[in-house]
>>> print(open('query_12.cif').read())   # mmCIF, C-alpha atoms
data_structure
#
loop_
_atom_site.label_atom_id
_atom_site.label_comp_id
_atom_site.auth_asym_id
_atom_site.auth_seq_id
_atom_site.Cartn_x
_atom_site.Cartn_y
_atom_site.Cartn_z
CA MET R 606 -275.23 190.39 139.90
CA PRO R 607 -275.92 192.65 136.89
CA GLU R 608 -279.41 191.97 135.56
CA LEU R 609 -281.00 192.51 132.16
CA PRO R 610 -281.08 196.34 132.35
CA GLU R 611 -277.41 196.54 133.28
CA VAL R 612 -276.43 194.23 130.42
CA GLU R 613 -278.59 196.16 127.97
CA VAL R 614 -277.07 199.45 129.16
CA THR R 615 -273.64 197.91 128.55
CA ARG R 616 -274.64 196.71 125.08
CA ARG R 617 -275.91 200.12 124.09
CA GLY R 618 -272.74 201.70 125.42
CA VAL R 619 -270.31 199.49 123.49
CA ALA R 620 -272.30 199.12 120.27
CA PRO R 621 -271.22 202.41 118.60
CA HIS R 622 -267.57 201.54 119.23
CA LEU R 623 -267.81 197.98 117.89
CA THR R 624 -270.41 197.63 115.16
CA GLY R 625 -268.83 197.41 111.73
CA LYS R 626 -265.28 197.56 113.16
CA THR R 627 -262.47 195.05 112.61
CA VAL R 628 -260.65 193.37 115.49
CA SER R 629 -256.90 193.98 115.31
CA GLN R 630 -255.81 192.04 118.38
CA VAL R 631 -257.13 189.96 121.29
CA ILE R 632 -255.19 189.95 124.57
CA LEU R 633 -255.88 187.22 127.14
CA ARG R 634 -254.24 187.87 130.52
CA ARG R 635 -255.33 184.60 132.13
CA ASP R 636 -256.63 181.20 131.07
CA GLY R 637 -260.23 181.97 131.79
CA LEU R 638 -262.85 183.13 134.26
CA ARG R 639 -265.79 180.95 135.27
CA TRP R 640 -264.88 178.74 132.32
CA PRO R 641 -261.66 178.65 130.28
CA PHE R 642 -261.29 181.16 127.48
CA PRO R 643 -261.29 179.54 124.03
CA PRO R 644 -257.51 179.17 123.54
CA ASP R 645 -257.80 180.04 119.85
CA LEU R 646 -259.91 183.17 120.47
CA PRO R 647 -257.18 185.57 119.28
CA ALA R 648 -256.82 183.66 116.02
CA LEU R 649 -260.59 183.40 115.61
CA LEU R 650 -261.25 187.14 116.02
CA THR R 651 -258.19 188.96 114.71
CA GLY R 652 -258.92 190.47 111.31
CA GLN R 653 -262.66 189.77 111.62
CA ARG R 654 -265.40 192.40 111.47
CA ILE R 655 -268.04 192.75 114.19
CA LEU R 656 -271.36 192.68 112.38
CA ALA R 657 -273.56 193.64 115.31
CA THR R 658 -273.99 193.52 119.05
CA GLY R 659 -276.88 191.72 120.70
CA ARG R 660 -278.19 190.51 124.03
CA ARG R 661 -279.94 187.31 125.11
CA GLY R 662 -281.05 187.46 128.72
CA LYS R 663 -277.95 188.47 130.66
CA TYR R 664 -275.54 187.47 127.87
CA LEU R 665 -273.95 190.13 125.66
CA LEU R 666 -273.40 188.90 122.10
CA LEU R 667 -270.80 190.03 119.55
CA HIS R 668 -271.79 188.75 116.12
CA PHE R 669 -269.09 187.91 113.56
CA PRO R 670 -269.47 186.41 110.07
CA HIS R 671 -268.22 183.04 111.30
CA GLY R 672 -269.68 182.92 114.80
CA CYS R 673 -270.55 184.77 117.98
CA VAL R 674 -268.77 185.78 121.19
CA LEU R 675 -270.87 185.38 124.34
CA ILE R 676 -269.95 187.57 127.30
CA HIS R 677 -271.43 187.18 130.77
CA LEU R 678 -270.54 189.77 133.41
CA GLY R 679 -270.92 187.35 136.31
CA MET R 680 -271.19 188.88 139.78
CA SER R 681 -268.66 191.68 139.46
CA GLY R 682 -267.73 192.11 135.81
CA HIS R 683 -268.00 195.18 133.64
CA LEU R 684 -266.83 196.31 130.23
CA ARG R 685 -265.15 199.57 129.25
CA VAL R 686 -264.06 201.05 125.96
CA LEU R 687 -260.73 202.84 126.41
CA HIS R 688 -257.47 203.58 124.60
CA LYS R 689 -255.52 200.39 124.01
CA ASP R 690 -252.41 201.86 125.67
CA VAL R 691 -254.09 202.33 129.05
CA LEU R 692 -252.19 199.99 131.36
CA PRO R 693 -254.30 197.08 132.62
CA ALA R 694 -255.13 196.84 136.32
CA LYS R 695 -255.07 193.69 138.42
CA HIS R 696 -258.52 192.44 137.41
CA ASP R 697 -258.46 193.43 133.73
CA HIS R 698 -258.52 189.99 132.10
CA ILE R 699 -259.18 190.43 128.38
CA ASP R 700 -258.91 193.13 125.70
CA ILE R 701 -260.55 193.01 122.29
CA VAL R 702 -258.55 195.66 120.42
CA ILE R 703 -260.10 197.68 117.60
CA GLY R 704 -257.75 200.23 116.11
CA ASP R 705 -256.57 202.54 118.89
CA MET R 706 -259.33 201.44 121.26
CA ALA R 707 -259.96 198.32 123.29
CA LEU R 708 -263.02 196.65 124.76
CA ARG R 709 -261.68 195.65 128.18
CA MET R 710 -263.34 193.22 130.58
CA THR R 711 -262.75 193.67 134.29
CA ASP R 712 -263.94 190.97 136.69
CA PRO R 713 -262.57 190.92 140.27
CA ARG R 714 -264.48 187.80 141.36
CA ARG R 715 -263.93 185.97 138.07
CA PHE R 716 -267.48 184.57 137.77
CA GLY R 717 -267.92 186.08 134.32
CA ALA R 718 -267.37 184.33 131.02
CA VAL R 719 -266.16 184.91 127.47
CA LEU R 720 -267.12 182.06 125.14
CA TRP R 721 -267.23 181.33 121.40
CA HIS R 722 -270.03 179.79 119.34
CA ALA R 723 -269.05 178.93 115.78
CA ALA R 724 -271.55 179.48 112.96
CA THR R 725 -270.96 175.87 111.92
CA ASP R 726 -272.49 174.78 115.25
CA GLY R 727 -275.84 176.30 114.29
CA ASP R 728 -277.79 179.37 115.32
CA ILE R 729 -276.60 181.13 118.48
CA GLU R 730 -279.98 180.37 120.07
CA GLU R 731 -278.92 176.71 120.06
CA HIS R 732 -275.96 177.37 122.34
CA LEU R 733 -276.13 175.23 125.49
CA LEU R 734 -276.45 178.31 127.73
CA LEU R 735 -279.20 179.93 125.67
CA ARG R 736 -281.43 177.16 124.33
CA GLN R 737 -283.55 176.84 127.49
CA LEU R 738 -284.08 180.56 128.03
CA GLY R 739 -287.58 182.00 127.93
CA VAL R 740 -288.85 184.89 125.84
CA GLU R 741 -287.37 188.37 126.10
CA PRO R 742 -289.61 190.56 128.29
CA LEU R 743 -289.20 193.64 126.08
CA GLU R 744 -289.99 191.86 122.83
CA PRO R 745 -293.42 191.12 121.27
CA GLY R 746 -293.42 187.44 122.26
CA PHE R 747 -293.85 188.34 125.93
CA SER R 748 -297.44 188.66 127.12
CA ALA R 749 -299.84 188.10 129.98
CA GLU R 750 -301.30 185.19 128.02
CA LEU R 751 -297.88 183.54 127.93
CA LEU R 752 -297.44 183.92 131.69
CA TYR R 753 -300.92 182.59 132.38
CA ARG R 754 -300.65 179.63 129.98
CA GLU R 755 -297.23 178.51 131.19
CA THR R 756 -298.05 178.67 134.90
CA ARG R 757 -301.19 176.54 135.10
CA GLN R 758 -299.16 173.66 136.57
CA ARG R 759 -296.66 175.78 138.52
CA THR R 760 -297.24 175.52 142.26
CA ALA R 761 -294.06 177.44 143.12
CA PRO R 762 -294.30 181.06 144.29
CA VAL R 763 -294.61 183.49 141.41
CA LYS R 764 -291.36 185.23 142.35
CA GLN R 765 -289.46 181.96 141.95
CA VAL R 766 -291.14 181.27 138.62
CA LEU R 767 -290.02 184.65 137.30
CA LEU R 768 -286.44 184.06 138.44
CA ALA R 769 -286.29 180.60 136.84
CA GLY R 770 -285.98 182.20 133.40
CA ASP R 771 -287.59 179.43 131.38
CA ILE R 772 -290.82 181.35 130.72
CA VAL R 773 -289.47 184.88 130.60
CA VAL R 774 -285.76 185.62 130.74
CA GLY R 775 -283.86 188.37 132.49
CA VAL R 776 -286.34 189.33 135.23
CA GLY R 777 -283.83 189.04 138.06
CA ASN R 778 -284.24 189.56 141.78
CA ILE R 779 -284.37 193.36 141.86
CA TYR R 780 -286.78 193.80 138.99
CA ALA R 781 -288.99 190.87 139.95
CA SER R 782 -289.52 192.42 143.38
CA GLU R 783 -290.26 195.82 141.90
CA SER R 784 -292.58 194.45 139.21
CA LEU R 785 -294.59 192.35 141.64
CA PHE R 786 -295.08 195.42 143.81
CA LYS R 787 -296.32 197.50 140.89
CA ALA R 788 -298.74 194.70 139.96
CA GLY R 789 -299.96 194.33 143.55
CA ILE R 790 -299.00 190.63 143.72
CA ASN R 791 -297.47 189.05 146.82
CA PRO R 792 -294.22 187.23 145.89
CA LYS R 793 -295.36 184.20 147.93
CA THR R 794 -298.48 183.63 145.80
CA SER R 795 -298.50 180.35 143.89
CA ALA R 796 -298.03 181.06 140.19
CA LYS R 797 -300.96 178.88 139.16
CA ARG R 798 -303.37 180.80 141.40
CA ILE R 799 -302.84 184.10 139.59
CA SER R 800 -305.56 185.07 137.12
CA LEU R 801 -305.08 186.29 133.58
CA ALA R 802 -306.21 189.75 134.66
CA ARG R 803 -303.49 189.90 137.33
CA TYR R 804 -300.88 188.54 134.91
CA THR R 805 -301.85 191.39 132.59
CA LEU R 806 -300.91 193.80 135.36
CA LEU R 807 -297.67 191.89 136.00
CA ALA R 808 -296.60 191.75 132.34
CA ASP R 809 -297.17 195.50 132.03
CA ALA R 810 -295.26 196.11 135.26
CA ILE R 811 -292.29 194.04 134.07
CA ARG R 812 -292.07 195.96 130.80
CA VAL R 813 -292.39 199.35 132.48
CA THR R 814 -289.90 198.50 135.24
CA LEU R 815 -287.23 197.15 132.91
CA ALA R 816 -287.61 199.99 130.43
CA ALA R 817 -287.31 202.57 133.22
CA ALA R 818 -284.23 200.84 134.63
CA ILE R 819 -282.53 200.85 131.21
CA GLU R 820 -283.37 204.52 130.71
CA GLN R 821 -281.81 205.33 134.09
CA GLY R 822 -278.64 203.36 133.45
CA GLY R 823 -279.52 200.34 135.56
CA SER R 824 -279.03 200.00 139.31
CA THR R 825 -275.97 200.81 141.37
CA LEU R 826 -275.06 197.28 142.34
CA LYS R 827 -271.98 196.75 144.47
CA ASP R 828 -269.62 196.15 141.56
CA PHE R 829 -271.51 197.25 138.45
CA LEU R 830 -270.32 200.15 136.31
CA GLY R 831 -271.50 201.15 132.88
CA VAL R 832 -269.18 201.44 129.91
CA ASP R 833 -268.55 205.09 130.78
CA GLY R 834 -267.51 204.17 134.32
CA GLN R 835 -270.70 205.59 135.81
CA SER R 836 -273.23 203.79 137.99
CA GLY R 837 -276.92 203.69 137.22
CA TYR R 838 -279.44 205.43 139.46
CA PHE R 839 -282.59 203.32 139.16
CA GLN R 840 -282.09 202.31 142.81
CA GLN R 841 -283.32 205.78 143.76
CA SER R 842 -286.73 204.71 142.43
CA TYR R 843 -287.04 201.41 144.31
CA PHE R 844 -290.44 200.85 145.90
CA VAL R 845 -289.54 197.72 147.87
CA TYR R 846 -286.15 196.23 146.97
CA ASP R 847 -283.59 196.62 149.79
CA ARG R 848 -286.00 198.81 151.78
CA THR R 849 -286.67 196.46 154.70
CA GLY R 850 -288.44 198.27 157.53
CA GLU R 851 -288.87 201.48 155.57
CA ALA R 852 -292.30 202.92 154.89
CA CYS R 853 -294.09 201.82 151.74
CA ARG R 854 -294.21 204.74 149.34
CA ILE R 855 -297.92 204.04 148.73
CA CYS R 856 -299.51 203.04 152.04
CA GLY R 857 -296.84 203.76 154.66
CA GLN R 858 -296.67 200.21 156.04
CA ALA R 859 -293.19 198.82 156.72
CA ILE R 860 -291.60 196.88 153.85
CA ARG R 861 -291.01 193.22 154.71
CA GLN R 862 -288.13 190.92 153.74
CA ILE R 863 -288.26 187.15 153.38
CA ARG R 864 -286.00 184.47 151.91
CA GLN R 865 -287.14 182.61 148.79
CA GLY R 866 -284.79 180.12 147.16
CA GLN R 867 -281.68 181.62 148.77
CA ARG R 868 -282.65 185.11 147.57
CA SER R 869 -284.19 188.00 149.48
CA SER R 870 -287.68 189.12 148.51
CA PHE R 871 -289.08 192.49 149.51
CA TYR R 872 -292.77 193.38 149.54
CA CYS R 873 -295.57 195.35 151.16
CA ALA R 874 -298.11 193.06 152.84
CA LYS R 875 -300.85 195.67 152.47
CA CYS R 876 -300.33 196.61 148.83
CA GLN R 877 -299.48 193.11 147.57
CA LYS R 878 -302.08 190.35 147.93
#
>>> encode(input="query_12.cif", output="structure tokens")
Amino acid sequence: MPELPEVEVTRRGVAPHLTGKTVSQVILRRDGLRWPFPPDLPALLTGQRILATGRRGKYLLLHFPHGCVLIHLGMSGHLRVLHKDVLPAKHDHIDIVIGDMALRMTDPRRFGAVLWHAATDGDIEEHLLLRQLGVEPLEPGFSAELLYRETRQRTAPVKQVLLAGDIVVGVGNIYASESLFKAGINPKTSAKRISLARYTLLADAIRVTLAAAIEQGGSTLKDFLGVDGQSGYFQQSYFVYDRTGEACRICGQAIRQIRQGQRSSFYCAKCQK
């Protein structure tokens, strides 16, 4: 599933084509994906100007004067900006047309979503899918002190706490594994047993890891493509993720793999305590 860096790479890719532009048409080729499309979405958006693009966790946001479109890429979705006359393929489900160009969403597995939040329903942060999300890891509100304070009663493994998203949002499976390695923390360690000093290392590692992934265009996940149709290459820099049995780049010991909450965790038993 695309994680925060992939969504941010997508946002940065589409923003120059959308910001300040007026929607001329919306084409829905099915009733919905994970959830139904708002049936009145074409009427809501046609003739309206996109004020800005944004991102909250793994949700891409298109801000309009009267509300906001939320887009989630699901497990296999991606967005492209192309000429509106390019014929749609089998899994091209929605076009937001702007002049001669279209923002097209492709989603073979159909776990993505395109939703609408009206301005009359309050701030977008109050949307049901966003209101419980934690702080953004690349914004000033994220800190070691926050991690330490919010985990004093958390007995769950620190990896699971990161993935939960209620303290810090968007640190998914790949980047949690990589960040914990950089901080030298075993993913099985109980969150409440980690000191402030070690959370300082972890907070720094999360920021550095996510920023590097964004700079490198994200990771080449099975189905993820950027707006330009290219895959990211951060996976070439992985220290532990998906490297089971391979030598640790630091100490040479074999990377281990375990299951935590139905997800695979990768770590070095020597480097991570």
>>> residues_near_point(input="query_12.cif", point="(-272.7, 182.9, 122.9)", cutoff="8 Å", atoms="all atoms listed in the file", output="list in words")
Tyr664, Leu665, Leu666, Cys673, Val674, Leu675, Ile676, Leu720, Trp721, His722, Ile729, His732, Leu734 and Leu735 of chain R
>>> atom_distance(input="query_12.cif", atom1="atom CA of R:Gly739", atom2="atom CA of R:Leu767")
10.0 Å
>>> atom_distance(input="query_12.cif", atom1="atom CA of R:Arg861", atom2="atom CA of R:Thr814")
20.2 Å
>>> atom_distance(input="query_12.cif", atom1="atom CA of R:Gly618", atom2="atom CA of R:Trp640")
25.2 Å
>>> resolve_selection(input="query_12.cif", expression="the PyMOL selection byres ((chain R and resi 796) around 6)", output="PyMOL selection string")
chain R and resi 756+759-760+762-763+795+797-799
>>> closest_residue(input="query_12.cif", among="R:Ala761, R:Tyr872, R:Val691, R:Thr849", to="R:Ser784", atoms="all atoms listed in the file")
R:Tyr872
>>> closest_residue(input="query_12.cif", among="R:Leu638, R:Ile779, R:Ile811, R:Val619", to="R:Ile701", atoms="all atoms listed in the file")
R:Val619
>>> closest_residue(input="query_12.cif", among="R:Arg754, R:Arg709, R:Arg803, R:Arg616", to="R:Arg685", atoms="only C-alpha atoms")
R:Arg709
>>> resolve_selection(input="query_12.cif", expression="the PyMOL selection byres ((chain R and resi 744) around 12)", output="NGL selection string")
:R and (660-662 or 739-743 or 745-748 or 773-775 or 808 or 811-812 or 815-816)
